[in-house]
file model.txt (compact mmCIF, C-alpha atoms)
# COMPACT_ATOMS: atom_id res chain seq x y z
CA MET A 1 0.00 0.00 0.00
CA ASP A 2 1.20 3.50 -0.81
CA CYS A 3 1.81 4.96 2.64
CA HIS A 4 2.20 8.45 1.16
CA ARG A 5 -1.59 8.52 0.85
CA VAL A 6 -2.04 7.12 4.36
CA GLY A 7 0.22 9.81 5.80
CA GLY A 8 -1.59 12.49 3.85
CA SER A 9 -4.82 11.43 5.55
CA ARG A 10 -3.86 10.61 9.11
CA THR A 11 -1.48 13.50 9.79
CA PRO A 12 -4.04 16.22 8.92
CA ALA A 13 -6.58 14.30 11.01
CA THR A 14 -4.22 14.51 13.98
CA THR A 15 -3.84 18.24 13.38
CA ALA A 16 -7.62 18.63 13.44
CA ILE A 17 -7.83 16.69 16.71
CA ILE A 18 -5.20 18.96 18.28
CA ALA A 19 -7.22 22.01 17.24
CA LYS A 20 -10.45 20.53 18.57
CA TYR A 21 -9.00 20.00 22.03
CA CYS A 22 -6.51 22.89 22.30
CA ALA A 23 -8.04 25.88 20.49
CA LYS A 24 -9.66 28.52 22.66
CA GLU A 25 -13.41 28.23 23.16
CA ASN A 26 -14.41 31.07 20.85
CA ALA A 27 -11.95 30.35 18.01
CA ARG A 28 -13.44 31.57 14.74
CA SER A 29 -10.53 31.76 12.28
CA ALA A 30 -7.78 29.48 11.03
CA LEU A 31 -4.73 29.78 8.78
CA MET A 32 -3.09 26.90 6.90
CA ILE A 33 0.51 27.48 5.80
CA GLY A 34 1.71 24.99 3.20
CA THR A 35 0.06 23.08 0.36
CA GLY A 36 2.10 19.88 0.23
CA ALA A 37 1.01 16.33 1.00
CA GLN A 38 0.52 17.09 4.70
CA GLY A 39 -1.44 20.28 4.07
CA ILE A 40 -3.97 19.51 1.34
CA ASN A 41 -6.50 17.73 3.59
CA THR A 42 -6.00 19.90 6.67
CA LEU A 43 -8.65 22.58 6.18
CA PRO A 44 -11.54 20.20 5.35
CA TYR A 45 -10.61 17.99 8.31
CA LEU A 46 -10.32 21.04 10.56
CA LEU A 47 -13.72 22.41 9.58
CA THR A 48 -15.24 18.97 10.20
CA ALA A 49 -13.79 18.98 13.72
CA LEU A 50 -14.61 22.66 14.37
CA PRO A 51 -17.67 23.60 12.28
CA ARG A 52 -17.99 26.93 14.14
CA LEU A 53 -14.97 28.34 12.30
CA GLN A 54 -15.99 31.28 10.14
CA THR A 55 -12.80 32.41 8.38
CA LEU A 56 -10.36 30.04 6.70
CA ARG A 57 -7.08 31.30 5.27
CA LEU A 58 -4.42 29.60 3.14
CA PHE A 59 -0.84 30.48 2.25
CA GLY A 60 1.14 28.62 -0.38
CA THR A 61 3.78 29.24 -3.02
CA HIS A 62 3.21 26.31 -5.41
CA PRO A 63 0.38 26.74 -7.94
CA ASP A 64 -0.34 23.00 -8.16
CA GLY A 65 -0.48 22.70 -4.37
CA LEU A 66 -2.81 25.67 -4.08
CA ALA A 67 -5.09 24.26 -6.77
CA ALA A 68 -5.15 20.83 -5.10
CA SER A 69 -5.89 22.35 -1.68
CA LEU A 70 -8.75 24.47 -3.00
CA SER A 71 -10.33 21.67 -5.06
CA THR A 72 -10.07 19.18 -2.18
CA PHE A 73 -11.74 21.63 0.20
CA ALA A 74 -14.49 22.44 -2.33
CA LYS A 75 -15.28 18.75 -2.69
CA TYR A 76 -16.25 18.56 0.99
CA PHE A 77 -17.48 22.12 1.58
CA PRO A 78 -18.72 23.56 -1.74
CA ASP A 79 -20.52 26.43 0.00
CA ARG A 80 -17.50 27.69 1.94
CA GLU A 81 -14.66 29.90 0.74
CA ILE A 82 -10.95 30.06 1.51
CA GLU A 83 -9.11 33.38 1.69
CA LEU A 84 -5.69 33.25 0.01
CA VAL A 85 -3.10 35.33 1.86
CA LYS A 86 0.34 36.67 0.97
CA ASP A 87 1.52 38.32 4.20
CA VAL A 88 2.22 35.47 6.63
CA PRO A 89 2.99 37.50 9.80
CA GLU A 90 -0.17 39.56 9.28
CA ALA A 91 -2.31 36.46 8.67
CA VAL A 92 -0.86 34.72 11.74
CA ALA A 93 -1.72 37.73 13.92
CA ALA A 94 -5.30 37.70 12.61
CA SER A 95 -5.97 33.98 13.10
CA ASP A 96 -7.01 32.02 16.20
CA ILE A 97 -5.54 28.76 14.88
CA VAL A 98 -2.37 28.60 12.77
CA MET A 99 -1.13 25.37 11.19
CA ALA A 100 2.28 25.16 9.53
CA ALA A 101 3.35 22.34 7.23
CA SER A 102 5.79 24.32 5.13
CA GLY A 103 9.44 24.35 4.11
CA ARG A 104 12.20 26.53 5.47
CA ALA A 105 12.31 29.20 2.76
CA ALA A 106 8.69 29.76 1.70
CA HIS A 107 7.99 32.57 4.17
CA PRO A 108 9.38 34.31 7.29
CA LYS A 109 9.76 31.77 10.09
CA ILE A 110 6.69 31.85 12.32
CA HIS A 111 7.06 33.12 15.89
CA THR A 112 4.69 32.14 18.67
CA LYS A 113 4.68 35.76 19.81
CA TRP A 114 2.94 36.70 16.55
CA LEU A 115 -0.18 34.91 17.80
CA LYS A 116 -3.02 36.85 19.33
CA PRO A 117 -3.75 36.04 23.01
CA GLY A 118 -5.36 32.60 23.11
CA GLY A 119 -3.88 31.63 19.75
CA LEU A 120 -2.83 28.10 18.83
CA LEU A 121 0.18 27.32 16.61
CA ILE A 122 0.43 23.75 15.31
CA SER A 123 3.70 22.79 13.66
CA VAL A 124 3.47 19.68 11.48
CA ALA A 125 7.20 19.06 11.99
CA SER A 126 7.56 22.30 10.00
CA LYS A 127 10.87 23.92 9.21
CA GLY A 128 8.90 27.13 8.68
CA VAL A 129 8.51 27.61 12.44
CA GLU A 130 11.09 29.66 14.35
CA ALA A 131 13.36 27.63 16.65
CA GLY A 132 12.11 29.42 19.77
CA ALA A 133 8.43 28.75 19.03
CA LEU A 134 8.06 26.08 21.71
CA HIS A 135 10.10 27.90 24.34
CA ASP A 136 8.10 31.13 23.86
CA ALA A 137 4.70 29.44 24.30
CA ASP A 138 2.62 29.72 27.47
CA TYR A 139 1.64 26.07 27.06
CA ALA A 140 3.28 23.44 24.85
CA ILE A 141 2.12 20.03 23.69
CA ALA A 142 3.27 17.30 21.31
CA THR A 143 1.76 14.19 19.83
CA ASN A 144 4.67 12.29 21.37
CA GLU A 145 7.38 13.75 23.59
CA GLY A 146 9.97 11.15 22.60
CA GLN A 147 9.48 11.79 18.91
CA LEU A 148 9.66 15.54 19.53
CA GLY A 149 13.11 14.96 21.01
CA VAL A 150 14.22 13.33 17.75
CA THR A 151 12.47 15.26 14.97
CA GLY A 152 12.13 18.55 16.84
CA LYS A 153 15.63 18.94 18.26
CA ARG A 154 15.97 22.47 16.94
CA LEU A 155 13.05 23.51 19.19
CA ALA A 156 14.98 22.63 22.34
CA GLY A 157 15.38 25.43 24.87
CA PRO A 158 18.53 26.79 26.52
CA GLU A 159 18.96 23.52 28.45
CA GLY A 160 19.00 21.56 25.20
CA VAL A 161 15.71 19.82 26.01
CA ALA A 162 12.35 20.36 24.31
CA LYS A 163 10.02 20.47 27.33
CA ILE A 164 6.25 20.20 26.95
CA ASP A 165 3.27 20.41 29.28
CA ALA A 166 1.21 17.55 27.84
CA GLU A 167 0.98 14.88 25.15
CA LEU A 168 -2.06 14.74 22.89
CA PRO A 169 -3.30 11.28 24.02
CA ASP A 170 -3.46 12.52 27.63
CA ILE A 171 -5.41 15.59 26.52
CA VAL A 172 -7.94 13.57 24.51
CA ALA A 173 -8.33 11.13 27.42
CA GLY A 174 -9.01 14.02 29.82
CA ARG A 175 -5.89 13.47 31.94
CA LYS A 176 -4.32 16.79 30.93
CA PRO A 177 -5.84 20.10 29.73
CA GLY A 178 -5.40 21.36 26.19
CA ARG A 179 -4.42 24.74 27.65
CA ASN A 180 -4.34 26.34 31.10
CA THR A 181 -6.25 29.52 30.24
CA GLN A 182 -8.19 31.00 27.34
CA GLU A 183 -5.41 33.60 26.98
CA ASP A 184 -2.55 31.11 26.62
CA ARG A 185 -0.55 31.15 23.42
CA VAL A 186 -0.29 27.41 22.79
CA PHE A 187 2.35 25.66 20.68
CA ALA A 188 1.73 22.12 19.45
CA PHE A 189 4.25 19.88 17.69
CA SER A 190 2.49 17.32 15.53
CA SER A 191 4.53 14.45 14.16
CA GLY A 192 1.42 12.40 13.50
CA MET A 193 0.28 9.38 15.49
CA ILE A 194 1.34 6.00 14.14
CA ILE A 195 -1.65 4.25 15.70
CA THR A 196 -3.89 6.16 13.30
CA ASP A 197 -2.22 4.38 10.37
CA ILE A 198 -4.22 1.28 11.28
CA PRO A 199 -7.80 2.55 10.75
CA VAL A 200 -6.79 4.67 7.74
CA ALA A 201 -4.95 1.79 6.07
CA HIS A 202 -7.85 -0.55 6.87
CA ALA A 203 -10.35 1.82 5.27
CA LEU A 204 -8.23 2.17 2.13
CA ALA A 205 -7.61 -1.58 1.94
CA THR A 206 -11.32 -2.35 2.32
CA ARG A 207 -12.19 0.00 -0.53
CA GLY A 208 -9.41 -1.38 -2.72
CA ILE A 209 -10.44 -5.00 -2.19
CA ALA A 210 -14.10 -4.16 -2.84
CA ALA A 211 -13.05 -2.53 -6.12
CA GLY A 212 -11.06 -5.60 -7.15
CA ARG A 213 -7.69 -3.89 -6.92
CA GLY A 214 -4.39 -5.38 -5.87
CA LYS A 215 -3.46 -9.04 -5.66
CA ARG A 216 -3.03 -11.55 -2.88
CA VAL A 217 0.58 -12.40 -2.04
CA GLU A 218 2.01 -15.20 0.08
CA LEU A 219 4.24 -13.80 2.80
CA TRP A 220 5.44 -17.19 3.97
CA SER A 221 5.81 -20.42 2.02
call {"tool": "encode", "arguments": {"input": "model.txt", "output": "C-alpha cells"}}
result
Amino acid sequence: MDCHRVGGSRTPATTAIIAKYCAKENARSALMIGTGAQGINTLPYLLTALPRLQTLRLFGTHPDGLAASLSTFAKYFPDREIELVKDVPEAVAASDIVMAASGRAAHPKIHTKWLKPGGLLISVASKGVEAGALHDADYAIATNEGQLGVTGKRLAGPEGVAKIDAELPDIVAGRKPGRNTQEDRVFAFSSGMIITDIPVAHALATRGIAAGRGKRVELWS
C-alpha cells in the first residue's frame, strides 16, 4: 500500500484533533501554511472537527499545491470559501488557529509571539517555524514527547531539552488540559500518530479490495 496517501490522511486528522482539544473556546478563524502532502487535507478535516470556524485562510507558493488544496476543500465544503493570503505574519496575527506544514524558505519563520492572546500554533514538523516557538509558548504540547526529542531537536530550549506540558493522548483522554487559560498562546508539535495508520490503512484496503484492486501475495511459504 502507498503509505504516502495514508500519511496524507492521518497527519491532517491529527492536526484537526489537536485544534479541537486545544483551540480557545471562541476560536473563529484558522490559517493553513503549506500546500504539500501534509497540508492539502488539513482545512476540510479542521472544519469537520470545528464547524464553528468562520474564516479560513491559506498560504502557499506552489500553484499545483494551491489548486489541489482548493479543489479538495471544495469537494467537501462547496458552499465555503478560503481566503488566500500573501503576508504570513499579518495572517498569523489575525488567526485564532495557525497550522504550519511548510518548508524553510517559503515565508518568514513563524514566531509564537505573533499569535493573538489565546492563539494556537500547530507545527506539522515544520521547518517554517522559528526555533524558539516552543520555548516562547505559554503552554506546549506534542503528539509524542519522545518523537519531539528526535524530529524537533531544533526547538529545544537553553537547556538543550524540548520540554512540553502535555501529550495529545493525555489531553484527549481528559488526563491533561489542552491549555491552562483561554489567553494562553499554545504551541503544538504534531509528528502524526502512528496508531492512526491502522484505521486509515484498513479503510483504504477495504475500498481497494471491494473494487477488485491489488493481488493476494504469500508472505510465507
call {"tool": "closest_residue", "arguments": {"input": "model.txt", "among": "A:Val150, A:Ala201, A:Val98, A:Leu46", "to": "Val186 (chain A)", "atoms": "only C-alpha atoms"}}
result
A:Val98
call {"tool": "residues_around", "arguments": {"input": "model.txt", "residues": "Pro158 (chain A)", "least_positions_apart": "6", "cutoff": "12 Å", "atoms": "only C-alpha atoms", "output": "ChimeraX atom specification"}}
result
/A:131-132,134-136
call {"tool": "atom_distance", "arguments": {"input": "model.txt", "atom1": "CA of Phe73 (chain A)", "atom2": "CA of Asp87 (chain A)"}}
result
21.7 Å
call {"tool": "atom_distance", "arguments": {"input": "model.txt", "atom1": "CA of Lys176 (chain A)", "atom2": "CA of Ser102 (chain A)"}}
result
28.7 Å
call {"tool": "residues_around", "arguments": {"input": "model.txt", "residues": "Pro44 (chain A)", "least_positions_apart": "6", "cutoff": "8 Å", "atoms": "all atoms listed in the file", "output": "CSV table (one decimal) with C-alpha atoms, in the frame of the given file"}}
result
chain,number,residue,atom,x,y,z
A,72,THR,CA,-10.1,19.2,-2.2
A,73,PHE,CA,-11.7,21.6,0.2
A,76,TYR,CA,-16.2,18.6,1.0
A,77,PHE,CA,-17.5,22.1,1.6
call {"tool": "closest_residue", "arguments": {"input": "model.txt", "among": "A:Ile171, A:Leu47, A:Ala68, A:Ala142", "to": "Ala125 (chain A)", "atoms": "all atoms listed in the file"}}
result
A:Ala142
call {"tool": "axis_aligned_box", "arguments": {"input": "model.txt", "around": "region 158-172 of chain A", "padding_each_side": "4 Å", "output": "lines of an AutoDock Vina configuration file"}}
result
center_x = 5.5
center_y = 19.0
center_z = 26.1
size_x = 34.9
size_y = 23.5
size_z = 14.4
call {"tool": "residues_near_point", "arguments": {"input": "model.txt", "point": "(3.4, 19.6, 12.1)", "cutoff": "9 Å", "atoms": "only C-alpha atoms", "output": "ChimeraX atom specification"}}
result
/A:11-12,15,38,99-102,122-126,188-192
call {"tool": "residues_around", "arguments": {"input": "model.txt", "residues": "Gly128 (chain A)", "least_positions_apart": "4", "cutoff": "8 Å", "atoms": "only C-alpha atoms", "output": "PyMOL selection string"}}
result
chain A and resi 100-110
call {"tool": "residues_near_point", "arguments": {"input": "model.txt", "point": "(-8.0, 26.9, -5.2)", "cutoff": "12 Å", "atoms": "only C-alpha atoms", "output": "PyMOL selection string"}}
result
chain A and resi 35+40+57-60+62-75+78+80-84
call {"tool": "write_last_selection", "arguments": {"input": "model.txt", "atoms": "C-alpha atoms", "output": "compact mmCIF listing (two decimals), keeping the file's coordinate frame"}}
result
# COMPACT_ATOMS: atom_id res chain seq x y z
CA THR A 35 0.06 23.08 0.36
CA ILE A 40 -3.97 19.51 1.34
CA ARG A 57 -7.08 31.30 5.27
CA LEU A 58 -4.42 29.60 3.14
CA PHE A 59 -0.84 30.48 2.25
CA GLY A 60 1.14 28.62 -0.38
CA HIS A 62 3.21 26.31 -5.41
CA PRO A 63 0.38 26.74 -7.94
CA ASP A 64 -0.34 23.00 -8.16
CA GLY A 65 -0.48 22.70 -4.37
CA LEU A 66 -2.81 25.67 -4.08
CA ALA A 67 -5.09 24.26 -6.77
CA ALA A 68 -5.15 20.83 -5.10
CA SER A 69 -5.89 22.35 -1.68
CA LEU A 70 -8.75 24.47 -3.00
CA SER A 71 -10.33 21.67 -5.06
CA THR A 72 -10.07 19.18 -2.18
CA PHE A 73 -11.74 21.63 0.20
CA ALA A 74 -14.49 22.44 -2.33
CA LYS A 75 -15.28 18.75 -2.69
CA PRO A 78 -18.72 23.56 -1.74
CA ARG A 80 -17.50 27.69 1.94
CA GLU A 81 -14.66 29.90 0.74
CA ILE A 82 -10.95 30.06 1.51
CA GLU A 83 -9.11 33.38 1.69
CA LEU A 84 -5.69 33.25 0.01
call {"tool": "atom_distance", "arguments": {"input": "model.txt", "atom1": "CA of Ala94 (chain A)", "atom2": "CA of Tyr139 (chain A)"}}
result
19.8 Å
call {"tool": "decode", "arguments": {"input": "model.txt", "residues": "region 146-183 of chain A", "atoms": "N, CA and C atoms", "output": "PDB file, in the first residue's frame"}}
result
ATOM      1  N   GLY A 146       8.754  11.812  23.062  1.00  0.00           N
ATOM      2  CA  GLY A 146       9.969  11.154  22.602  1.00  0.00           C
ATOM      3  C   GLY A 146      10.287  11.480  21.158  1.00  0.00           C
ATOM      4  N   GLN A 147       9.269  11.480  20.322  1.00  0.00           N
ATOM      5  CA  GLN A 147       9.476  11.793  18.913  1.00  0.00           C
ATOM      6  C   GLN A 147       9.842  13.259  18.722  1.00  0.00           C
ATOM      7  N   LEU A 148       9.285  14.124  19.563  1.00  0.00           N
ATOM      8  CA  LEU A 148       9.660  15.538  19.529  1.00  0.00           C
ATOM      9  C   LEU A 148      11.152  15.690  19.774  1.00  0.00           C
ATOM     10  N   GLY A 149      11.689  14.890  20.696  1.00  0.00           N
ATOM     11  CA  GLY A 149      13.108  14.964  21.009  1.00  0.00           C
ATOM     12  C   GLY A 149      14.001  14.550  19.859  1.00  0.00           C
ATOM     13  N   VAL A 150      13.443  13.796  18.907  1.00  0.00           N
ATOM     14  CA  VAL A 150      14.218  13.334  17.749  1.00  0.00           C
ATOM     15  C   VAL A 150      14.022  14.253  16.551  1.00  0.00           C
ATOM     16  N   THR A 151      12.758  14.483  16.186  1.00  0.00           N
ATOM     17  CA  THR A 151      12.468  15.258  14.973  1.00  0.00           C
ATOM     18  C   THR A 151      12.339  16.757  15.238  1.00  0.00           C
ATOM     19  N   GLY A 152      12.265  17.136  16.510  1.00  0.00           N
ATOM     20  CA  GLY A 152      12.126  18.552  16.838  1.00  0.00           C
ATOM     21  C   GLY A 152      13.272  19.083  17.673  1.00  0.00           C
ATOM     22  N   LYS A 153      14.470  18.536  17.459  1.00  0.00           N
ATOM     23  CA  LYS A 153      15.626  18.936  18.263  1.00  0.00           C
ATOM     24  C   LYS A 153      15.895  20.435  18.215  1.00  0.00           C
ATOM     25  N   ARG A 154      15.654  21.046  17.071  1.00  0.00           N
ATOM     26  CA  ARG A 154      15.967  22.474  16.940  1.00  0.00           C
ATOM     27  C   ARG A 154      15.061  23.347  17.798  1.00  0.00           C
ATOM     28  N   LEU A 155      13.965  22.762  18.334  1.00  0.00           N
ATOM     29  CA  LEU A 155      13.046  23.506  19.187  1.00  0.00           C
ATOM     30  C   LEU A 155      13.456  23.468  20.656  1.00  0.00           C
ATOM     31  N   ALA A 156      14.535  22.751  20.957  1.00  0.00           N
ATOM     32  CA  ALA A 156      14.984  22.631  22.341  1.00  0.00           C
ATOM     33  C   ALA A 156      15.345  23.997  22.907  1.00  0.00           C
ATOM     34  N   GLY A 157      15.087  24.174  24.200  1.00  0.00           N
ATOM     35  CA  GLY A 157      15.376  25.433  24.870  1.00  0.00           C
ATOM     36  C   GLY A 157      16.835  25.560  25.252  1.00  0.00           C
ATOM     37  N   PRO A 158      17.149  26.540  26.114  1.00  0.00           N
ATOM     38  CA  PRO A 158      18.535  26.787  26.520  1.00  0.00           C
ATOM     39  C   PRO A 158      19.200  25.569  27.163  1.00  0.00           C
ATOM     40  N   GLU A 159      18.401  24.702  27.805  1.00  0.00           N
ATOM     41  CA  GLU A 159      18.964  23.522  28.451  1.00  0.00           C
ATOM     42  C   GLU A 159      19.204  22.386  27.463  1.00  0.00           C
ATOM     43  N   GLY A 160      18.816  22.604  26.205  1.00  0.00           N
ATOM     44  CA  GLY A 160      19.000  21.562  25.204  1.00  0.00           C
ATOM     45  C   GLY A 160      17.917  20.512  25.209  1.00  0.00           C
ATOM     46  N   VAL A 161      16.816  20.776  25.923  1.00  0.00           N
ATOM     47  CA  VAL A 161      15.713  19.821  26.013  1.00  0.00           C
ATOM     48  C   VAL A 161      14.421  20.509  25.585  1.00  0.00           C
ATOM     49  N   ALA A 162      13.651  19.829  24.743  1.00  0.00           N
ATOM     50  CA  ALA A 162      12.353  20.357  24.310  1.00  0.00           C
ATOM     51  C   ALA A 162      11.294  19.919  25.323  1.00  0.00           C
ATOM     52  N   LYS A 163      10.960  20.801  26.253  1.00  0.00           N
ATOM     53  CA  LYS A 163      10.024  20.466  27.326  1.00  0.00           C
ATOM     54  C   LYS A 163       8.593  20.827  26.930  1.00  0.00           C
ATOM     55  N   ILE A 164       7.663  19.941  27.253  1.00  0.00           N
ATOM     56  CA  ILE A 164       6.250  20.199  26.954  1.00  0.00           C
ATOM     57  C   ILE A 164       5.419  20.046  28.221  1.00  0.00           C
ATOM     58  N   ASP A 165       4.185  20.513  28.147  1.00  0.00           N
ATOM     59  CA  ASP A 165       3.269  20.413  29.282  1.00  0.00           C
ATOM     60  C   ASP A 165       2.364  19.194  29.199  1.00  0.00           C
ATOM     61  N   ALA A 166       2.120  18.694  27.985  1.00  0.00           N
ATOM     62  CA  ALA A 166       1.210  17.553  27.840  1.00  0.00           C
ATOM     63  C   ALA A 166       1.388  16.896  26.481  1.00  0.00           C
ATOM     64  N   GLU A 167       1.045  15.609  26.414  1.00  0.00           N
ATOM     65  CA  GLU A 167       0.977  14.884  25.151  1.00  0.00           C
ATOM     66  C   GLU A 167      -0.480  14.791  24.720  1.00  0.00           C
ATOM     67  N   LEU A 168      -0.697  14.744  23.409  1.00  0.00           N
ATOM     68  CA  LEU A 168      -2.062  14.737  22.885  1.00  0.00           C
ATOM     69  C   LEU A 168      -2.924  13.594  23.419  1.00  0.00           C
ATOM     70  N   PRO A 169      -2.434  12.348  23.496  1.00  0.00           N
ATOM     71  CA  PRO A 169      -3.301  11.281  24.021  1.00  0.00           C
ATOM     72  C   PRO A 169      -3.835  11.574  25.419  1.00  0.00           C
ATOM     73  N   ASP A 170      -3.005  12.179  26.279  1.00  0.00           N
ATOM     74  CA  ASP A 170      -3.461  12.518  27.630  1.00  0.00           C
ATOM     75  C   ASP A 170      -4.521  13.613  27.602  1.00  0.00           C
ATOM     76  N   ILE A 171      -4.416  14.526  26.640  1.00  0.00           N
ATOM     77  CA  ILE A 171      -5.414  15.589  26.517  1.00  0.00           C
ATOM     78  C   ILE A 171      -6.746  15.013  26.054  1.00  0.00           C
ATOM     79  N   VAL A 172      -6.708  14.170  25.029  1.00  0.00           N
ATOM     80  CA  VAL A 172      -7.936  13.566  24.507  1.00  0.00           C
ATOM     81  C   VAL A 172      -8.606  12.695  25.568  1.00  0.00           C
ATOM     82  N   ALA A 173      -7.793  12.014  26.376  1.00  0.00           N
ATOM     83  CA  ALA A 173      -8.329  11.134  27.420  1.00  0.00           C
ATOM     84  C   ALA A 173      -8.805  11.901  28.645  1.00  0.00           C
ATOM     85  N   GLY A 174      -8.547  13.216  28.697  1.00  0.00           N
ATOM     86  CA  GLY A 174      -9.007  14.018  29.822  1.00  0.00           C
ATOM     87  C   GLY A 174      -8.063  14.039  31.004  1.00  0.00           C
ATOM     88  N   ARG A 175      -6.853  13.490  30.833  1.00  0.00           N
ATOM     89  CA  ARG A 175      -5.895  13.468  31.935  1.00  0.00           C
ATOM     90  C   ARG A 175      -5.099  14.762  32.043  1.00  0.00           C
ATOM     91  N   LYS A 176      -5.019  15.506  30.950  1.00  0.00           N
ATOM     92  CA  LYS A 176      -4.320  16.791  30.931  1.00  0.00           C
ATOM     93  C   LYS A 176      -5.182  17.796  30.164  1.00  0.00           C
ATOM     94  N   PRO A 177      -5.068  19.091  30.485  1.00  0.00           N
ATOM     95  CA  PRO A 177      -5.839  20.096  29.733  1.00  0.00           C
ATOM     96  C   PRO A 177      -5.171  20.424  28.406  1.00  0.00           C
ATOM     97  N   GLY A 178      -5.949  20.924  27.465  1.00  0.00           N
ATOM     98  CA  GLY A 178      -5.400  21.359  26.192  1.00  0.00           C
ATOM     99  C   GLY A 178      -4.721  22.713  26.290  1.00  0.00           C
ATOM    100  N   ARG A 179      -5.021  23.438  27.346  1.00  0.00           N
ATOM    101  CA  ARG A 179      -4.420  24.742  27.653  1.00  0.00           C
ATOM    102  C   ARG A 179      -4.767  25.057  29.096  1.00  0.00           C
ATOM    103  N   ASN A 180      -4.033  25.952  29.723  1.00  0.00           N
ATOM    104  CA  ASN A 180      -4.342  26.335  31.098  1.00  0.00           C
ATOM    105  C   ASN A 180      -5.389  27.436  31.162  1.00  0.00           C
ATOM    106  N   THR A 181      -5.303  28.409  30.258  1.00  0.00           N
ATOM    107  CA  THR A 181      -6.254  29.517  30.241  1.00  0.00           C
ATOM    108  C   THR A 181      -6.653  29.829  28.802  1.00  0.00           C
ATOM    109  N   GLN A 182      -7.728  30.597  28.661  1.00  0.00           N
ATOM    110  CA  GLN A 182      -8.187  30.996  27.336  1.00  0.00           C
ATOM    111  C   GLN A 182      -7.267  32.045  26.705  1.00  0.00           C
ATOM    112  N   GLU A 183      -6.350  32.602  27.493  1.00  0.00           N
ATOM    113  CA  GLU A 183      -5.415  33.604  26.981  1.00  0.00           C
ATOM    114  C   GLU A 183      -4.066  33.010  26.601  1.00  0.00           C
TER     115      GLU A 183
END
